Amino acid sequence: MNPDTNHGLFDYFVGLGIPESTAVYLNFGTLFLMMLILAFLVNFILWRILRVVSTRMARSTKTNFDDFLITNKVPRKLAHIIPLIIILEMLPWVFRDFEYALTISTKTVLIIAVVLVIRIAKSVLLSIRDYLKGLPRFRDKPIDSFIQVFMIFAWLAGIMTIFAIITDTTIWKFLTALGAASAVILLIFKDTILGLVASIQVSANDMVRIGDWISFDKYGADGDVIEINLATVKVQNWDKTITTIPTYALISDSFKNWRGMQDSGGRRIKRAVILKQDSVHFLNQNEIEKLKDIALIKNYLTDRNEKINQYNEERNVDKSLMINGRNLTNLGVFRKYVETYLENHSAVNKEMTMMTRQLQPTPQGIPLEIYVFSKDKRWQNYEFIMADIFDHLISAVPYFGLEIFELPSSMQFGKADNGKVIPESAY
């Protein structure tokens, strides 16, 4: 088809007795409809061809990247390129009699082309994201943040191109005008810019990965990171609720990442048993002999008691008072029992720190803290191991003449009277 055909169609309408003013619009309408039909048919044929070809290629290749390209409709969007080129080439022919509308139509098609290119780029980036997330080494990386960064730059470039098309100016003039309004732009896009910087720093410094367990008290977050993007980080808490945290908060505020624990050889158990101070005393020989019945500390007591007796005899220590010379205490023996018990516990990691220590006395008593690491880091098993250890230790305390502190209950403030409890206030 050529411009002569255009006039031939116009002459045909005039030859039918149609006024020239009307024939012009009939000519335009007919050509415009023919252009749309041609573009639609080309688009349909290309889409069918690309769909068949891409599907066969996806089935024949070992990689699944092409599968993601099809899922994100890359071939379908590529099929729109040729029809747009056809429309762009036909516009001068269709709008030959409407010069004032040709410029507007051409700019509109160019703007649509820019948007189409951006959409194709987005689909390709999404395909890359889906492909990388399937690889073990990229599964925990904030791929979404990088995709969003690329898309921001793509849209900025697209907007500048559209502006240049509409105003018939160059992109450099647009950038010059943009620099004058940079302060306003920075204010409007403050969160986006902060999120961009934070995403880069989080990724570069490997601060957080998808799947990490983090605790962020300021935002009430305590759970696994399920998504990292440009603006927010989503955390699924242990109660299955979702907490959204601004990405820039990860570099501006303090939070706890439990990845180090998960990558280590154990999970820390750090808990204390508070013992009454007035239950601590020196052990006499009868008590020592009785405690030798406890298998875990029998050898320790035998060896230790012999050395203490030898020390006291060599120095002729007066043992009429227990405070004289060297002595064993029930608290010291119990502490040794706890250490031996933990050393023989199958669920405790012997290659990591193991410690039983006294903390500073409090008004409630003497805290005896157990500081060890369990081999199993899974939450449910970890809680079971910790409970198993303290079930045993709490039950073992009375064998050493010690008492555990606890606040008195209402039952202890009353007196039994015919099976009834009389509150303290009645006395």
# chains A, B, ... in the order shown; residues from 1 in each chain; ligands from 1

call {"tool": "closest_atom_pairs", "arguments": {"of": "region 320-365 of chain A", "to": "region 270-277 of chain A", "cutoff": "12 Å", "atoms": "only C-alpha atoms", "output": "CSV"}}
result
residue,atom,partner,partner_atom,distance
A:Asn330,CA,A:Gln277,CA,11.4
A:Leu331,CA,A:Leu275,CA,9.0
A:Phe334,CA,A:Leu275,CA,11.1
A:Arg335,CA,A:Val273,CA,11.1
A:Val338,CA,A:Val273,CA,11.2
A:Thr353,CA,A:Lys270,CA,11.2
A:Met354,CA,A:Lys270,CA,10.4
A:Met355,CA,A:Lys270,CA,9.7
A:Thr356,CA,A:Ala272,CA,9.2
A:Arg357,CA,A:Ala272,CA,9.0
A:Gln358,CA,A:Ala272,CA,8.9
A:Leu359,CA,A:Ala272,CA,8.7
A:Gln360,CA,A:Ile274,CA,10.8
A:Pro361,CA,A:Gln277,CA,8.4
A:Thr362,CA,A:Ile274,CA,8.9
A:Pro363,CA,A:Gln277,CA,9.5
A:Gln364,CA,A:Lys276,CA,7.1
A:Gly365,CA,A:Lys276,CA,4.7

call {"tool": "write_last_selection", "arguments": {"atoms": "N, CA and C atoms", "output": "compact mmCIF listing (two decimals), in the first residue's frame"}}
result
# COMPACT_ATOMS: atom_id res chain seq x y z
N ASN A 330 27.76 -28.13 101.05
CA ASN A 330 26.73 -28.79 100.24
C ASN A 330 26.50 -28.06 98.91
N LEU A 331 26.68 -26.75 98.89
CA LEU A 331 26.53 -26.01 97.64
C LEU A 331 27.66 -26.32 96.67
N PHE A 334 27.10 -29.79 95.33
CA PHE A 334 25.99 -29.77 94.37
C PHE A 334 26.44 -29.16 93.04
N ARG A 335 27.25 -28.11 93.10
CA ARG A 335 27.76 -27.49 91.88
C ARG A 335 28.60 -28.49 91.09
N VAL A 338 26.28 -30.94 89.40
CA VAL A 338 25.66 -30.38 88.20
C VAL A 338 26.64 -30.42 87.02
N THR A 353 31.18 -24.16 75.21
CA THR A 353 31.32 -23.72 76.60
C THR A 353 30.36 -24.47 77.52
N MET A 354 30.91 -25.00 78.60
CA MET A 354 30.11 -25.66 79.65
C MET A 354 30.52 -25.05 80.98
N MET A 355 29.54 -24.54 81.70
CA MET A 355 29.88 -23.84 82.93
C MET A 355 28.69 -23.86 83.89
N THR A 356 29.02 -24.10 85.17
CA THR A 356 28.05 -23.96 86.25
C THR A 356 28.63 -22.93 87.21
N ARG A 357 27.97 -21.81 87.37
CA ARG A 357 28.57 -20.72 88.12
C ARG A 357 27.57 -20.08 89.09
N GLN A 358 28.14 -19.53 90.16
CA GLN A 358 27.33 -18.75 91.10
C GLN A 358 27.27 -17.32 90.60
N LEU A 359 26.07 -16.76 90.66
CA LEU A 359 25.91 -15.34 90.35
C LEU A 359 25.84 -14.56 91.66
N GLN A 360 25.85 -13.27 91.56
CA GLN A 360 25.80 -12.42 92.75
C GLN A 360 24.52 -12.70 93.54
N PRO A 361 24.65 -12.88 94.87
CA PRO A 361 23.46 -13.14 95.69
C PRO A 361 22.43 -12.02 95.55
N THR A 362 21.18 -12.41 95.62
CA THR A 362 20.05 -11.48 95.52
C THR A 362 19.20 -11.61 96.77
N PRO A 363 18.24 -10.72 96.98
CA PRO A 363 17.34 -10.87 98.14
C PRO A 363 16.59 -12.20 98.14
N GLN A 364 16.49 -12.85 96.98
CA GLN A 364 15.79 -14.13 96.93
C GLN A 364 16.72 -15.31 97.24
N GLY A 365 18.03 -15.13 97.10
CA GLY A 365 18.95 -16.23 97.37
C GLY A 365 20.16 -16.18 96.46

call {"tool": "residues_around", "arguments": {"residues": "Val208 (chain A)", "least_positions_apart": "5", "cutoff": "9 Å", "atoms": "only C-alpha atoms", "output": "PyMOL selection string"}}
result
chain A and resi 140-142+202-203+213-214+225+228+250+257+259

call {"tool": "write_last_selection", "arguments": {"atoms": "N, CA and C atoms", "output": "PDB file, in the first residue's frame"}}
result
ATOM      1  N   ASP A 140      18.469 -17.465  49.682  1.00  0.00           N
ATOM      2  CA  ASP A 140      18.308 -16.603  50.852  1.00  0.00           C
ATOM      3  C   ASP A 140      18.761 -15.163  50.591  1.00  0.00           C
ATOM      4  N   LYS A 141      19.008 -14.813  49.337  1.00  0.00           N
ATOM      5  CA  LYS A 141      19.454 -13.464  49.005  1.00  0.00           C
ATOM      6  C   LYS A 141      18.246 -12.571  48.691  1.00  0.00           C
ATOM      7  N   PRO A 142      18.361 -11.260  48.987  1.00  0.00           N
ATOM      8  CA  PRO A 142      17.241 -10.324  48.739  1.00  0.00           C
ATOM      9  C   PRO A 142      17.105  -9.969  47.265  1.00  0.00           C
ATOM     10  N   VAL A 202      22.432  -3.959  53.291  1.00  0.00           N
ATOM     11  CA  VAL A 202      22.019  -5.234  53.877  1.00  0.00           C
ATOM     12  C   VAL A 202      22.586  -6.397  53.070  1.00  0.00           C
ATOM     13  N   SER A 203      22.548  -6.255  51.753  1.00  0.00           N
ATOM     14  CA  SER A 203      23.057  -7.327  50.893  1.00  0.00           C
ATOM     15  C   SER A 203      24.580  -7.368  50.911  1.00  0.00           C
ATOM     16  N   TRP A 213      16.253 -16.049  61.316  1.00  0.00           N
ATOM     17  CA  TRP A 213      15.416 -15.747  62.484  1.00  0.00           C
ATOM     18  C   TRP A 213      15.966 -14.464  63.100  1.00  0.00           C
ATOM     19  N   ILE A 214      15.133 -13.422  63.145  1.00  0.00           N
ATOM     20  CA  ILE A 214      15.562 -12.163  63.747  1.00  0.00           C
ATOM     21  C   ILE A 214      14.589 -11.749  64.845  1.00  0.00           C
ATOM     22  N   VAL A 225      12.489 -14.286  58.550  1.00  0.00           N
ATOM     23  CA  VAL A 225      12.353 -13.329  57.448  1.00  0.00           C
ATOM     24  C   VAL A 225      11.840 -14.084  56.227  1.00  0.00           C
ATOM     25  N   ILE A 228      12.326  -9.792  51.557  1.00  0.00           N
ATOM     26  CA  ILE A 228      13.108  -8.548  51.647  1.00  0.00           C
ATOM     27  C   ILE A 228      12.944  -7.818  50.327  1.00  0.00           C
ATOM     28  N   LEU A 250      16.846  -1.657  59.409  1.00  0.00           N
ATOM     29  CA  LEU A 250      17.849  -2.692  59.656  1.00  0.00           C
ATOM     30  C   LEU A 250      19.251  -2.116  59.799  1.00  0.00           C
ATOM     31  N   ASN A 257      20.053 -11.065  65.085  1.00  0.00           N
ATOM     32  CA  ASN A 257      19.961 -12.104  64.059  1.00  0.00           C
ATOM     33  C   ASN A 257      20.489 -13.407  64.657  1.00  0.00           C
ATOM     34  N   ARG A 259      21.104 -16.157  63.157  1.00  0.00           N
ATOM     35  CA  ARG A 259      21.762 -17.028  62.184  1.00  0.00           C
ATOM     36  C   ARG A 259      23.049 -17.640  62.749  1.00  0.00           C
TER      37      ARG A 259
END

call {"tool": "residues_around", "arguments": {"residues": "region 104-109 of chain A", "least_positions_apart": "4", "cutoff": "7 Å", "atoms": "only C-alpha atoms", "output": "PyMOL selection string"}}
result
chain A and resi 88+113+165-166

call {"tool": "residues_around", "arguments": {"residues": "Ile112 (chain A)", "least_positions_apart": "2", "cutoff": "12 Å", "atoms": "only C-alpha atoms", "output": "number ranges by chain"}}
result
A: 80-81, 83-85, 87-88, 105-110, 114-119, 158-159, 161-162, 165

call {"tool": "write_last_selection", "arguments": {"atoms": "C-alpha atoms", "output": "compact mmCIF listing (two decimals), in the first residue's frame"}}
result
# COMPACT_ATOMS: atom_id res chain seq x y z
CA HIS A 80 3.53 -6.72 20.36
CA ILE A 81 6.72 -5.12 19.00
CA PRO A 83 2.53 -4.57 15.30
CA LEU A 84 3.64 -1.33 16.96
CA ILE A 85 6.29 -0.83 14.28
CA ILE A 87 1.32 1.10 13.17
CA LEU A 88 4.14 3.63 13.48
CA SER A 105 -0.83 9.85 17.27
CA THR A 106 2.88 9.35 16.64
CA LYS A 107 3.79 10.48 20.16
CA THR A 108 1.07 8.25 21.63
CA VAL A 109 2.43 5.18 19.80
CA LEU A 110 5.99 6.03 20.88
CA VAL A 114 8.34 2.89 25.79
CA VAL A 115 5.87 1.36 28.26
CA LEU A 116 6.01 -1.95 26.36
CA VAL A 117 9.82 -2.02 26.58
CA ILE A 118 9.63 -1.40 30.33
CA ARG A 119 7.06 -4.19 30.74
CA GLY A 158 11.15 5.58 30.72
CA ILE A 159 9.59 8.67 32.30
CA THR A 161 12.02 9.38 27.55
CA ILE A 162 8.25 9.96 27.61
CA ILE A 165 8.74 12.67 23.46

call {"tool": "closest_residue", "arguments": {"among": "A:Val348, A:Ala79, A:Leu194, A:Ile288", "to": "Gly265 (chain A)", "atoms": "only C-alpha atoms"}}
result
A:Val348

call {"tool": "select_by_dssp", "arguments": {"residues": "region 216-414 of chain A", "states": "alpha helix (DSSP H)", "output": "count of residues only"}}
result
65

call {"tool": "residues_around", "arguments": {"residues": "Leu402 (chain A)", "least_positions_apart": "5", "cutoff": "7 Å", "atoms": "only C-alpha atoms", "output": "PyMOL selection string"}}
result
chain A and resi 275+279-280+397

call {"tool": "write_last_selection", "arguments": {"atoms": "C-alpha atoms", "output": "PDB file, in the first residue's frame"}}
result
ATOM      1  CA  LEU A 275      18.916 -21.473  96.251  1.00  0.00           C
ATOM      2  CA  SER A 279      20.329 -23.797 103.440  1.00  0.00           C
ATOM      3  CA  VAL A 280      24.048 -23.608 102.586  1.00  0.00           C
ATOM      4  CA  VAL A 397      18.496 -30.237  95.163  1.00  0.00           C
TER       5      VAL A 397
END

call {"tool": "closest_residue", "arguments": {"among": "A:Lys350, A:Arg326, A:Arg267, A:Lys319", "to": "Gln380 (chain A)", "atoms": "only C-alpha atoms"}}
result
A:Arg267

call {"tool": "atom_distance", "arguments": {"atom1": "CA of Asn324 (chain A)", "atom2": "CA of Asn312 (chain A)"}}
result
8.8 Å

call {"tool": "select_by_dssp", "arguments": {"residues": "region 188-345 of chain A", "states": "strand (DSSP E)", "output": "PyMOL selection string"}}
result
chain A and resi 213-216+221-228+232-237+242-246+256-257+267-275

call {"tool": "write_last_selection", "arguments": {"atoms": "C-alpha atoms", "output": "CSV table (one decimal), in the first residue's frame"}}
result
chain,number,residue,atom,x,y,z
A,213,TRP,CA,15.4,-15.7,62.5
A,214,ILE,CA,15.6,-12.2,63.7
A,215,SER,CA,14.3,-10.4,66.9
A,216,PHE,CA,13.4,-6.7,66.5
A,221,ALA,CA,9.1,-8.8,65.4
A,222,ASP,CA,10.4,-12.2,66.4
A,223,GLY,CA,10.5,-14.9,63.7
A,224,ASP,CA,11.7,-15.8,60.3
A,225,VAL,CA,12.4,-13.3,57.4
A,226,ILE,CA,10.1,-14.3,54.5
A,227,GLU,CA,10.6,-11.4,52.2
A,228,ILE,CA,13.1,-8.5,51.6
A,232,THR,CA,10.0,-3.4,53.7
A,233,VAL,CA,11.1,-6.6,55.3
A,234,LYS,CA,8.4,-9.1,56.2
A,235,VAL,CA,8.9,-11.3,59.3
A,236,GLN,CA,6.6,-14.2,60.1
A,237,ASN,CA,6.5,-14.3,63.9
A,242,ILE,CA,3.3,-11.0,59.9
A,243,THR,CA,5.3,-8.0,61.0
A,244,THR,CA,6.5,-5.4,58.4
A,245,ILE,CA,9.7,-3.5,59.1
A,246,PRO,CA,11.1,-0.6,57.0
A,256,LYS,CA,19.2,-9.6,66.8
A,257,ASN,CA,20.0,-12.1,64.1
A,267,ARG,CA,22.0,-23.5,71.1
A,268,ARG,CA,22.7,-21.9,74.4
A,269,ILE,CA,21.0,-22.8,77.6
A,270,LYS,CA,21.4,-20.1,80.2
A,271,ARG,CA,19.1,-20.4,83.2
A,272,ALA,CA,19.6,-20.3,87.0
A,273,VAL,CA,18.3,-22.2,90.0
A,274,ILE,CA,17.9,-19.8,93.0
A,275,LEU,CA,18.9,-21.5,96.3
